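The data block below is run.cif; it holds mmCIF, C-alpha atoms.
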```
data_query
#
loop_
_atom_site.label_atom_id
_atom_site.label_comp_id
_atom_site.auth_asym_id
_atom_site.auth_seq_id
_atom_site.Cartn_x
_atom_site.Cartn_y
_atom_site.Cartn_z
CA ASN A 1448 -9.47 -17.74 -13.40
CA ASN A 1449 -7.10 -18.47 -10.51
CA GLY A 1450 -4.56 -15.95 -11.71
CA SER A 1451 -1.80 -15.30 -14.19
CA GLU A 1452 1.67 -13.94 -13.67
CA ILE A 1453 4.11 -11.81 -15.63
CA ILE A 1454 7.74 -11.36 -14.57
CA ASN A 1455 9.38 -8.17 -15.82
CA GLU A 1456 12.88 -9.40 -16.63
CA GLN A 1457 14.20 -5.84 -16.84
CA THR A 1458 13.04 -4.54 -13.48
CA GLY A 1459 12.57 -7.85 -11.68
CA ALA A 1460 9.00 -6.89 -10.78
CA VAL A 1461 6.29 -9.49 -10.25
CA ARG A 1462 2.87 -8.82 -11.75
CA TYR A 1463 -0.12 -11.00 -10.98
CA GLU A 1464 -3.73 -10.85 -12.14
CA ASN A 1465 -6.84 -12.50 -10.76
CA ILE A 1466 -9.93 -12.34 -12.98
CA GLY A 1467 -13.22 -12.84 -11.15
CA ALA A 1468 -15.67 -12.45 -14.03
CA VAL A 1469 -15.90 -11.43 -17.67
CA ILE A 1470 -19.32 -10.08 -18.66
CA PRO A 1471 -19.81 -10.21 -22.46
CA GLY A 1472 -20.77 -6.95 -24.11
CA LYS A 1473 -21.73 -5.61 -27.52
CA ASN A 1474 -19.21 -5.76 -30.36
CA GLY A 1475 -16.50 -7.21 -28.16
CA LEU A 1476 -16.62 -4.54 -25.44
CA ASP A 1477 -16.63 -6.92 -22.48
CA LEU A 1478 -16.53 -5.86 -18.84
CA THR A 1479 -13.72 -7.56 -16.93
CA ILE A 1480 -13.96 -7.67 -13.13
CA GLY A 1481 -10.54 -8.47 -11.79
CA VAL A 1482 -7.54 -7.14 -9.91
CA ARG A 1483 -3.84 -6.85 -10.64
CA TYR A 1484 -0.76 -6.68 -8.40
CA ASP A 1485 2.60 -5.12 -9.20
CA SER A 1486 5.50 -5.44 -6.75
CA ASP A 1487 7.00 -2.24 -8.17
CA ASP A 1488 3.95 -0.35 -6.83
CA SER A 1489 3.81 -2.11 -3.47
CA SER A 1490 5.37 0.52 -1.21
CA ASN A 1491 3.38 2.62 1.22
CA ARG A 1492 4.78 5.67 -0.57
CA GLU A 1493 2.95 4.56 -3.72
CA ILE A 1494 -0.35 4.26 -1.92
CA THR A 1495 0.05 7.67 -0.26
CA THR A 1496 1.57 9.85 -2.96
CA GLN A 1497 1.24 8.25 -6.36
CA ALA A 1498 -2.18 6.63 -6.31
CA ILE A 1499 -5.14 8.30 -7.86
CA GLY A 1500 -6.63 10.90 -5.59
CA ILE A 1501 -4.68 9.93 -2.49
CA GLY A 1502 -2.87 13.16 -1.90
CA THR A 1503 -0.65 12.80 1.14
CA ILE A 1504 2.70 14.29 0.25
CA THR A 1505 5.39 14.96 2.83
CA LYS A 1506 7.99 17.61 2.02
CA SER A 1507 9.89 19.01 4.98
CA ASN A 1508 7.07 20.13 7.29
CA LEU A 1509 4.32 20.13 4.66
CA THR A 1510 1.74 17.37 4.82
CA ILE A 1511 -1.31 17.44 2.56
CA PRO A 1512 -4.42 15.54 3.72
CA ARG A 1513 -5.31 12.38 1.86
CA LYS A 1514 -8.41 12.09 -0.27
CA MET A 1515 -9.51 8.77 -1.74
CA TYR A 1516 -11.64 9.46 -4.78
CA SER A 1517 -12.02 5.96 -6.23
CA PRO A 1518 -12.30 2.53 -4.61
CA LEU A 1519 -10.85 0.93 -7.76
CA CYS A 1520 -7.30 2.25 -7.48
CA MET A 1521 -4.58 1.28 -4.99
CA PHE A 1522 -7.12 -0.19 -2.59
CA SER A 1523 -4.23 -2.15 -1.09
CA ASN A 1524 -0.45 -1.94 -1.42
CA GLY A 1525 0.35 -2.93 -5.00
CA TRP A 1526 -3.26 -3.78 -5.93
CA ASN A 1527 -5.62 -2.11 -8.43
CA PHE A 1528 -8.77 -3.22 -10.16
CA LYS A 1529 -8.39 -3.80 -13.89
CA SER A 1530 -9.60 -0.43 -15.06
CA SER A 1531 -7.80 2.60 -16.45
CA TYR A 1532 -7.16 5.75 -14.44
CA ILE A 1533 -5.05 8.89 -14.38
CA ARG A 1534 -2.62 9.31 -11.52
CA TYR A 1535 -3.76 12.44 -9.75
CA TYR A 1536 -2.62 14.14 -6.56
CA VAL A 1537 -2.48 17.56 -4.97
CA ASN A 1538 0.83 19.38 -4.44
CA GLY A 1539 0.27 22.55 -2.45
CA PHE A 1540 -2.47 24.34 -4.37
CA ASP A 1541 -1.72 22.54 -7.65
CA ASP A 1542 -3.57 19.62 -9.21
CA ILE A 1543 -0.95 17.24 -10.59
CA TYR A 1544 -1.72 14.72 -13.35
CA SER A 1545 1.39 12.58 -13.69
CA SER A 1546 0.47 9.62 -15.90
CA VAL A 1547 -2.33 7.66 -17.52
CA VAL A 1548 -2.50 3.97 -16.55
CA ASP A 1549 -4.40 1.58 -18.80
CA SER A 1550 -6.41 -1.47 -17.77
CA GLU A 1551 -3.34 -3.69 -18.15
CA GLY A 1552 -1.37 -1.55 -15.71
CA ILE A 1553 0.87 0.04 -18.36
CA SER A 1554 1.76 3.58 -17.30
CA ARG A 1555 2.45 6.42 -19.72
CA LYS A 1556 3.75 9.69 -18.30
CA MET A 1557 1.95 12.94 -19.10
CA ARG A 1558 3.92 16.07 -19.98
CA ARG A 1559 3.00 18.58 -17.31
CA ARG A 1560 3.64 21.60 -19.53
CA ASP A 1561 0.99 20.31 -21.96
CA VAL A 1562 -1.53 19.87 -19.14
CA GLU A 1563 -0.92 23.41 -17.89
CA ASN A 1564 -0.89 25.04 -21.35
CA GLU A 1565 -4.48 26.18 -21.91
CA ASP A 1566 -3.85 26.59 -25.64
CA LYS A 1567 -2.70 23.00 -26.11
CA GLU A 1568 -5.39 20.37 -26.69
CA GLU A 1569 -3.27 17.21 -26.80
CA VAL A 1570 -1.21 16.06 -23.83
CA SER A 1571 1.99 14.30 -24.91
CA LEU A 1572 2.65 10.87 -23.44
CA TYR A 1573 6.16 9.56 -22.96
CA ASN A 1574 8.35 7.04 -21.19
CA ALA A 1575 12.07 7.56 -20.52
CA ASN A 1576 11.97 10.72 -22.67
CA ILE A 1577 10.63 8.74 -25.64
CA ASP A 1578 7.37 10.14 -27.02
CA LEU A 1579 4.61 7.53 -27.29
CA GLN A 1580 1.97 7.46 -30.03
CA ASP A 1581 0.14 4.20 -29.31
CA VAL A 1582 -2.31 6.08 -27.10
CA ARG A 1583 -3.26 9.74 -27.62
CA LEU A 1584 -4.52 11.82 -24.70
CA TYR A 1585 -6.63 14.96 -25.21
CA LYS A 1586 -8.25 17.56 -23.00
CA ASP A 1587 -11.91 16.84 -23.51
CA SER A 1588 -14.99 18.16 -21.71
CA SER A 1589 -17.52 16.72 -24.17
CA TYR A 1590 -18.89 14.01 -21.87
CA THR A 1591 -21.07 14.74 -18.83
CA ASP A 1592 -22.76 12.16 -16.62
CA ASN A 1593 -24.28 12.36 -13.16
CA GLU A 1594 -23.40 16.09 -13.08
CA ILE A 1595 -19.69 15.33 -13.60
CA THR A 1596 -17.86 16.53 -16.73
CA SER A 1597 -14.87 14.82 -18.27
CA LEU A 1598 -11.45 16.50 -18.35
CA PHE A 1599 -9.43 14.04 -20.47
CA CYS A 1600 -10.07 11.49 -23.21
CA ALA A 1601 -7.62 8.73 -24.12
CA LYS A 1602 -7.90 7.41 -27.68
CA TYR A 1603 -6.54 4.02 -28.74
CA LYS A 1604 -5.58 2.72 -32.16
CA ASP A 1605 -8.54 0.33 -32.27
CA GLY A 1606 -10.96 3.26 -31.90
CA LYS A 1607 -11.61 2.78 -28.19
CA LYS A 1608 -12.04 5.93 -26.10
CA GLU A 1609 -11.75 6.36 -22.33
CA TYR A 1610 -13.05 9.47 -20.54
CA PHE A 1611 -11.67 10.66 -17.19
CA ASP A 1612 -12.88 13.32 -14.78
CA ALA A 1613 -10.88 16.02 -12.98
CA GLN A 1614 -9.82 13.56 -10.27
CA GLY A 1615 -8.52 10.97 -12.72
CA ARG A 1616 -11.44 8.60 -12.33
CA LEU A 1617 -12.61 6.56 -15.29
CA MET A 1618 -16.07 7.73 -16.42
CA LYS A 1619 -16.73 5.88 -19.68
CA VAL A 1620 -15.19 3.34 -22.04
CA GLU A 1621 -16.54 3.53 -25.59
CA ASN A 1622 -15.70 1.39 -28.64
CA ARG A 1623 -15.66 2.56 -32.25
CA PHE A 1624 -19.30 1.47 -32.67
CA GLY A 1625 -20.52 3.76 -29.90
CA ASP A 1626 -21.17 1.00 -27.36
CA ALA A 1627 -20.17 2.14 -23.86
CA ILE A 1628 -19.43 1.00 -20.31
CA LEU A 1629 -20.32 3.66 -17.73
CA TYR A 1630 -18.73 4.22 -14.30
CA ARG A 1631 -20.55 6.19 -11.59
CA TYR A 1632 -19.22 6.86 -8.09
CA TYR A 1633 -21.26 7.18 -4.90
CA THR A 1634 -20.92 7.65 -1.17
CA THR A 1635 -22.30 4.82 0.95
CA GLY A 1636 -21.92 5.97 4.55
CA THR A 1637 -19.02 3.56 5.10
CA GLU A 1638 -16.39 6.19 4.33
CA ILE A 1639 -13.78 6.49 7.08
CA ASP A 1640 -13.38 10.15 8.03
CA TYR A 1641 -9.79 9.69 9.16
CA HIS A 1642 -8.89 8.42 5.70
CA LYS A 1643 -10.66 11.34 4.00
CA GLN A 1644 -12.55 8.88 1.80
CA ILE A 1645 -14.87 10.55 -0.68
CA TYR A 1646 -16.50 7.71 -2.63
CA ASN A 1647 -16.62 4.08 -1.51
CA LYS A 1648 -18.80 2.67 -4.28
CA VAL A 1649 -18.63 2.48 -8.05
CA GLU A 1650 -21.58 1.36 -10.17
CA ILE A 1651 -20.58 -0.05 -13.56
CA THR A 1652 -23.19 -0.32 -16.30
CA GLU A 1653 -22.03 -2.48 -19.19
CA THR A 1654 -23.16 -2.27 -22.81
CA LEU A 1655 -26.31 -4.38 -22.29
CA GLY A 1656 -27.46 -2.34 -19.31
CA GLN A 1657 -26.51 -4.86 -16.63
CA ILE A 1658 -25.03 -3.36 -13.45
CA THR A 1659 -22.03 -4.49 -11.43
CA THR A 1660 -21.10 -2.70 -8.19
CA ILE A 1661 -17.76 -2.59 -6.39
CA GLU A 1662 -17.71 -1.07 -2.95
CA LYS A 1663 -15.96 -0.94 0.39
CA GLY A 1664 -17.97 -2.70 3.07
CA GLU A 1665 -18.57 -1.81 6.70
CA GLN A 1666 -15.33 -1.30 8.58
CA VAL A 1667 -13.98 -3.99 10.88
CA THR A 1668 -11.70 -3.24 13.83
CA GLU A 1669 -8.43 -5.18 14.00
CA TYR A 1670 -5.11 -4.64 15.79
CA ASP A 1671 -1.53 -4.41 14.57
CA ALA A 1672 1.51 -6.06 16.15
CA ASP A 1673 1.80 -3.23 18.69
CA GLY A 1674 -1.84 -3.44 19.73
CA ASN A 1675 -2.87 -0.30 17.88
CA GLU A 1676 -6.47 -0.26 16.70
CA ILE A 1677 -6.84 -0.28 12.92
CA HIS A 1678 -9.94 -0.08 10.74
CA ILE A 1679 -10.26 -2.39 7.76
CA GLN A 1680 -12.87 -2.57 5.02
CA PRO A 1681 -13.46 -5.54 2.69
CA MET A 1682 -14.00 -4.88 -1.00
CA ILE A 1683 -17.09 -6.56 -2.43
CA ALA A 1684 -17.98 -6.90 -6.12
CA THR A 1685 -21.65 -7.71 -6.79
CA LEU A 1686 -22.26 -9.10 -10.27
CA PRO A 1687 -25.48 -8.73 -12.33
CA ASP A 1688 -26.68 -12.16 -11.12
CA GLN A 1689 -26.16 -10.92 -7.52
CA LYS A 1690 -23.30 -13.31 -6.89
CA THR A 1691 -20.41 -11.69 -5.06
CA ILE A 1692 -16.61 -11.67 -5.09
CA THR A 1693 -15.04 -10.71 -1.76
CA TYR A 1694 -11.61 -9.10 -1.48
CA ARG A 1695 -10.60 -9.45 2.17
CA ILE A 1696 -8.35 -6.66 3.41
CA ARG A 1697 -6.33 -6.88 6.62
CA GLY A 1698 -3.93 -4.61 8.43
CA SER A 1699 -0.27 -5.39 7.98
CA GLN A 1700 1.56 -6.52 11.09
CA HIS A 1701 4.38 -4.16 10.09
CA TYR A 1702 4.90 -1.57 12.79
CA ARG A 1703 4.22 2.11 12.13
CA HIS A 1704 7.80 3.00 11.38
CA ALA A 1705 7.45 6.63 10.38
CA LYS A 1706 5.22 9.49 11.42
CA ASN A 1707 2.77 10.67 8.74
CA TYR A 1708 2.26 7.06 7.65
CA ASP A 1709 -0.65 4.91 8.70
CA TYR A 1710 -0.73 1.14 8.88
CA ALA A 1711 -0.72 -0.58 5.52
CA GLN A 1712 -3.75 -2.39 4.20
CA VAL A 1713 -2.85 -5.62 2.42
CA LEU A 1714 -5.06 -7.89 0.33
CA ASP A 1715 -5.34 -11.10 2.35
CA SER A 1716 -7.56 -13.20 0.07
CA ILE A 1717 -10.08 -13.30 -2.75
CA THR A 1718 -13.18 -15.49 -2.51
CA ASN A 1719 -14.89 -15.88 -5.86
CA GLN A 1720 -18.58 -16.33 -6.65
CA GLU A 1721 -18.22 -20.11 -6.37
CA GLY A 1722 -16.78 -19.90 -2.85
CA MET A 1723 -13.19 -20.77 -3.80
CA THR A 1724 -10.53 -18.74 -1.96
CA THR A 1725 -7.10 -17.64 -3.14
CA SER A 1726 -4.91 -16.11 -0.44
CA PHE A 1727 -1.73 -14.04 -0.55
CA GLU A 1728 1.38 -13.63 1.59
CA TYR A 1729 3.85 -10.75 1.68
CA LYS A 1730 7.13 -9.67 3.14
CA GLU A 1731 5.86 -7.34 5.87
CA ASP A 1732 8.94 -6.32 7.85
CA ASP A 1733 10.68 -4.18 5.26
CA VAL A 1734 12.04 -0.71 6.00
CA SER A 1735 13.76 0.79 2.97
CA ALA A 1736 15.58 4.08 2.86
CA PHE A 1737 14.40 6.49 0.21
CA ASN A 1738 17.30 8.94 -0.05
CA TYR A 1739 18.11 12.07 -2.04
CA PHE A 1740 21.81 12.94 -2.17
CA ASP A 1741 21.28 16.41 -3.49
CA PRO A 1742 23.10 19.34 -1.80
CA SER A 1743 20.16 21.66 -2.48
CA TYR A 1744 17.55 19.33 -1.02
CA TYR A 1745 18.25 16.48 1.34
CA ASP A 1746 15.48 14.35 2.73
CA ALA A 1747 16.15 10.80 3.86
CA ARG A 1748 12.85 9.06 4.48
CA GLU A 1749 11.68 5.55 5.12
CA GLN A 1750 9.14 3.56 3.21
CA ALA A 1751 7.94 -0.01 3.46
CA PHE A 1752 7.55 -2.39 0.53
CA TYR A 1753 5.13 -5.29 0.50
CA PRO A 1754 6.49 -7.71 -2.12
CA MET A 1755 4.15 -10.66 -2.54
CA THR A 1756 5.94 -13.83 -1.45
CA ALA A 1757 3.23 -16.42 -2.08
CA VAL A 1758 -0.08 -17.10 -3.79
CA VAL A 1759 -1.97 -19.96 -2.12
CA HIS A 1760 -4.38 -21.45 -4.65
CA PRO A 1761 -7.72 -23.11 -3.79
CA THR A 1762 -6.10 -26.50 -4.46
CA GLY A 1763 -3.48 -25.86 -1.76
CA ILE A 1764 -0.67 -25.48 -4.30
CA ARG A 1765 1.57 -22.51 -3.51
CA THR A 1766 3.32 -20.21 -5.96
CA GLU A 1767 6.30 -18.75 -4.10
CA TYR A 1768 8.53 -15.77 -4.90
CA THR A 1769 11.95 -14.89 -3.50
CA TYR A 1770 13.40 -11.36 -3.87
CA GLU A 1771 16.50 -9.34 -3.23
CA GLN A 1772 16.66 -5.69 -2.23
CA CYS A 1773 18.64 -3.36 -4.52
CA ASN A 1774 19.84 0.22 -4.72
CA GLY A 1775 18.28 2.08 -7.64
CA THR A 1776 19.45 5.25 -9.33
CA MET A 1777 17.19 8.22 -9.95
CA VAL A 1778 17.32 10.78 -12.77
CA ILE A 1779 20.31 12.49 -11.15
CA TYR A 1780 22.67 9.56 -11.13
CA LEU A 1781 23.93 10.15 -7.57
CA ASN A 1782 20.44 9.87 -6.12
CA THR A 1783 19.45 6.45 -4.83
CA PHE A 1784 16.38 4.55 -3.69
CA LYS A 1785 15.54 0.98 -2.71
CA TYR A 1786 13.52 -1.53 -4.70
CA TYR A 1787 12.97 -5.30 -4.84
CA ARG A 1788 13.59 -7.65 -7.73
CA ILE A 1789 12.80 -11.33 -8.05
CA LEU A 1790 15.42 -14.06 -7.66
CA GLU A 1791 13.23 -17.16 -7.90
CA ARG A 1792 9.66 -18.31 -8.52
CA LYS A 1793 8.26 -21.82 -8.16
CA GLU A 1794 5.17 -23.90 -7.46
CA THR A 1795 5.21 -26.30 -4.52
CA ASP A 1796 2.87 -28.81 -2.93
CA GLY A 1797 4.95 -28.86 0.24
CA THR A 1798 6.93 -31.89 -0.88
CA ASN A 1799 7.91 -31.29 -4.50
CA ASP A 1800 8.76 -28.10 -6.38
CA TYR A 1801 7.61 -27.43 -9.94
CA ASN A 1802 8.23 -24.82 -12.64
CA LYS A 1803 11.17 -23.32 -10.76
CA VAL A 1804 12.79 -20.35 -12.50
CA THR A 1805 15.80 -18.42 -11.16
CA TYR A 1806 16.80 -14.92 -12.23
CA THR A 1807 20.23 -13.30 -12.32
CA TYR A 1808 21.16 -9.69 -13.05
CA GLU A 1809 24.19 -7.68 -14.06
CA LYS A 1810 24.20 -4.11 -12.74
CA ASP A 1811 21.00 -2.11 -12.41
CA TYR A 1812 18.29 -1.17 -14.91
CA THR A 1813 17.81 2.24 -13.28
CA SER A 1814 21.45 3.29 -13.86
CA ASN A 1815 22.38 6.04 -16.31
CA LYS A 1816 22.26 5.48 -20.05
CA TYR A 1817 25.99 4.87 -20.36
CA ASP A 1818 25.81 1.84 -18.12
CA THR A 1819 24.78 -1.59 -19.31
CA PHE A 1820 22.23 -3.91 -17.77
CA LYS A 1821 21.52 -7.56 -18.32
CA ALA A 1822 18.97 -9.94 -16.87
CA SER A 1823 18.54 -13.65 -17.51
CA SER A 1824 16.37 -16.52 -16.29
CA THR A 1825 17.07 -20.21 -15.88
CA ASN A 1826 14.53 -23.03 -15.66
#
```

Could you show the structure in this file as structure tokens?
Amino acid sequence: NNGSEIINEQTGAVRYENIGAVIPGKNGLDLTIGVRYDSDDSSNREITTQAIGIGTITKSNLTIPRKMYSPLCMFSNGWNFKSSYIRYYVNGFDDIYSSVVDSEGISRKMRRRDVENEDKEEVSLYNANIDLQDVRLYKDSSYTDNEITSLFCAKYKDGKKEYFDAQGRLMKVENRFGDAILYRYYTTGTEIDYHKQIYNKVEITETLGQITTIEKGEQVTEYDADGNEIHIQPMIATLPDQKTITYRIRGSQHYRHAKNYDYAQVLDSITNQEGMTTSFEYKEDDVSAFNYFDPSYYDAREQAFYPMTAVVHPTGIRTEYTYEQCNGTMVIYLNTFKYYRILERKETDGTNDYNKVTYTYEKDYTSNKYDTFKASSTN
């Protein structure tokens, strides 16, 4: 599968998926090895504060060290493997569980008061203050594997269950027949101390007992545009037949624009088990202000987005994306932030363009509820 795309016509975000392999399982519980990109999650702030287990948070003079607990989540700006997880980070001395993200990348926020209430078993899920019932999330310590005990269990309408540990990592997926896919995490010796990496390998056992591994490889030294040394690790998926899929990571040429931020790691290309390579291009010179206009707390910080501008397919055909930068509105309507939304997508062979679609917007989807927002597309 050379990839599929979804354009969110409300937010203007670009989502892209690349499926490397689908391993058939019992009673329809297949194991999908693939990755997904979302331009809404492509800022360095996402990879440092919102991703699972990566706990760098900067507030005034407080910086919390990063810890990378899973190689499956936010391994590059905007990129995740197609598996569920719970967004987890550390704020001071508190463990924060902000949302559960399913294998399709759909995020459902978790009510913090339910998580912290020891007498409450179910954790309410919501989006924009609307309670959601399509997935139910419970505190659940019934599953233990490899000396790790689950903390949450997500239950779906079709009877599927997903178990997560205390760091938000997916432990098990089970269907209504009791068939299960197991996830186990290991150290490999390739962990980079500076990045506070904890586990660089996940071993996935599907319903028939076949094992797939996904791990970070040995680090490679590269240099950014300023000549600074950076350490990069490829992601390698080894399938049950021992064929491999390689996810090449490189350092962005974007300069280190703010203290407390490291260079960004971007996904350069994917080479599948047949040797065919799909590569990716990004806007890499962005500096966006992330501002709070709040008299009680003012902190104007910079972040960098990495919107994907092109997918170069093995055939040489390019899928290209053009964006605009916008001012968004936070919960308090005077607070603003920057984001990108798509203006055009097309395929091109260098001479002719195909499947061109343009997008226009009226106002801003993040504005307060009394405002109106419209988006439209034109072929």

Between CA of Arg1559 in chain A and CA of Leu1629 in chain A, distance in Å (one decimal): 27.7 Å

Test item: residues at most 9 Å from range 1549-1555 of chain A, all atoms listed in the file, excluding those fewer than 5 positions along its chain, as a VMD selection string: chain A and resid 1483 to 1485 1527 to 1533 1572 to 1574 1579 1582

Spatial neighbours of Thr1652 in chain A, 7 Å, all atoms listed in the file, chain gap at least 5 places, as a list in words: Ile1628, Leu1629, Tyr1630, Gln1657, Ile1658 and Thr1659 of chain A

Point-to-point distance from CA of Val1482 in chain A to CA of Glu1456 in chain A, Å rounded to tenths: 21.6 Å

Computed interatomic separation between CA of Asn1799 in chain A and CA of Ser1489 in chain A (Å): 29.5 Å

Ground truth for the PyMOL selection byres ((chain A and resi 1584) around 6), written as an MDAnalysis selection string: chainID A and resid 1569:1570 1583 1585 1600:1601

Proximity to Asn1622 in chain A - best of A:Ile1683, A:Leu1476, A:Val1667, A:Ile1470, all atoms listed in the file: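 Checking each candidate against Asn1622 in chain A, we get A:Leu1476 as the closest.
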
The PyMOL selection byres ((chain A and resi 1682) around 12) resolved against shown file, as an MDAnalysis selection string: chainID A and resid 1481:1482 1518:1523 1526:1528 1637 1647:1649 1660:1667 1679:1681 1683:1685 1691:1697 1712:1718

Sphere at (11.4, 1.7, -5.7), radius 8 Å, counting all atoms listed in the file: residues as an MDAnalysis selection string: chainID A and resid 1487:1488 1490 1775 1784:1787

Asp1612 in chain A: which residues within 6 Å, counting only C-alpha atoms, same-chain residues fewer than 2 positions away excluded, as a tab-separated table (two decimals) with C-alpha atoms, keeping the file's coordinate frame?
```
chain	number	residue	atom	x	y	z
A	1597	SER	CA	-14.87	14.82	-18.27
A	1598	LEU	CA	-11.45	16.50	-18.35
A	1614	GLN	CA	-9.82	13.56	-10.27
A	1615	GLY	CA	-8.52	10.97	-12.72
A	1616	ARG	CA	-11.44	8.60	-12.33
```

Counting only C-alpha atoms, the residue of A:Tyr1806, A:Tyr1770, A:Phe1624, A:Tyr1801 that sits nearest Thr1756 in chain A: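 Among the listed residues, A:Tyr1770 lies closest to Thr1756 in chain A.
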
Contact residues around Asp1796 in chain A with all atoms listed in the file at 12 Å, ignoring same-chain residues under 4 positions, as a list in words: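 Counting all atoms listed in the file, the residues come to Val1759, His1760, Thr1762, Gly1763, Ile1764, Arg1765, Thr1766, Glu1767, Asp1800, Tyr1801 and Asn1802 of chain A.
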
Selection under test: the PyMOL selection byres ((chain A and resi 1789-1791) around 8); residues as a ChimeraX atom specification: /A:1459-1461,1768-1771,1787-1788,1792-1793,1803-1807

Writing out the chosen residues with C-alpha atoms as a tab-separated table (two decimals), in the frame of the given file:
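Written output follows (part.tsv):
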```tsv
chain	number	residue	atom	x	y	z
A	1459	GLY	CA	12.57	-7.85	-11.68
A	1460	ALA	CA	9.00	-6.89	-10.78
A	1461	VAL	CA	6.29	-9.49	-10.25
A	1768	TYR	CA	8.53	-15.77	-4.90
A	1769	THR	CA	11.95	-14.89	-3.50
A	1770	TYR	CA	13.40	-11.36	-3.87
A	1771	GLU	CA	16.50	-9.34	-3.23
A	1787	TYR	CA	12.97	-5.30	-4.84
A	1788	ARG	CA	13.59	-7.65	-7.73
A	1792	ARG	CA	9.66	-18.31	-8.52
A	1793	LYS	CA	8.26	-21.82	-8.16
A	1803	LYS	CA	11.17	-23.32	-10.76
A	1804	VAL	CA	12.79	-20.35	-12.50
A	1805	THR	CA	15.80	-18.42	-11.16
A	1806	TYR	CA	16.80	-14.92	-12.23
A	1807	THR	CA	20.23	-13.30	-12.32
```

Could you pull the residues within 9 Å of Glu1452 in chain A, counting all atoms listed in the file, minus those fewer than 5 positions along the same chain, as a short mmCIF file (atom, residue, chain, number, x, y, z; two decimals) with C-alpha atoms, in the frame of the given file?
```
data_model
loop_
_atom_site.label_atom_id
_atom_site.label_comp_id
_atom_site.auth_asym_id
_atom_site.auth_seq_id
_atom_site.Cartn_x
_atom_site.Cartn_y
_atom_site.Cartn_z
CA VAL A 1461 6.29 -9.49 -10.25
CA ARG A 1462 2.87 -8.82 -11.75
CA TYR A 1463 -0.12 -11.00 -10.98
CA GLU A 1464 -3.73 -10.85 -12.14
#
```

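Using all atoms listed in the file, the nearest neighbour of Glu1609 in chain A within the list A:Val1562, A:Val1469, A:Val1547, A:Ile1651 is A:Val1547.
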
Best match for closeness to Tyr1670 in chain A among A:Asn1465, A:Thr1654, A:Gly1698, A:Gly1636, counting all atoms listed in the file: A:Gly1698

Proximity to Thr1724 in chain A - best of A:Tyr1633, A:Asp1605, A:Ser1451, A:Gly1467, all atoms listed in the file: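 For Thr1724 in chain A, the nearest of the given residues is A:Gly1467.
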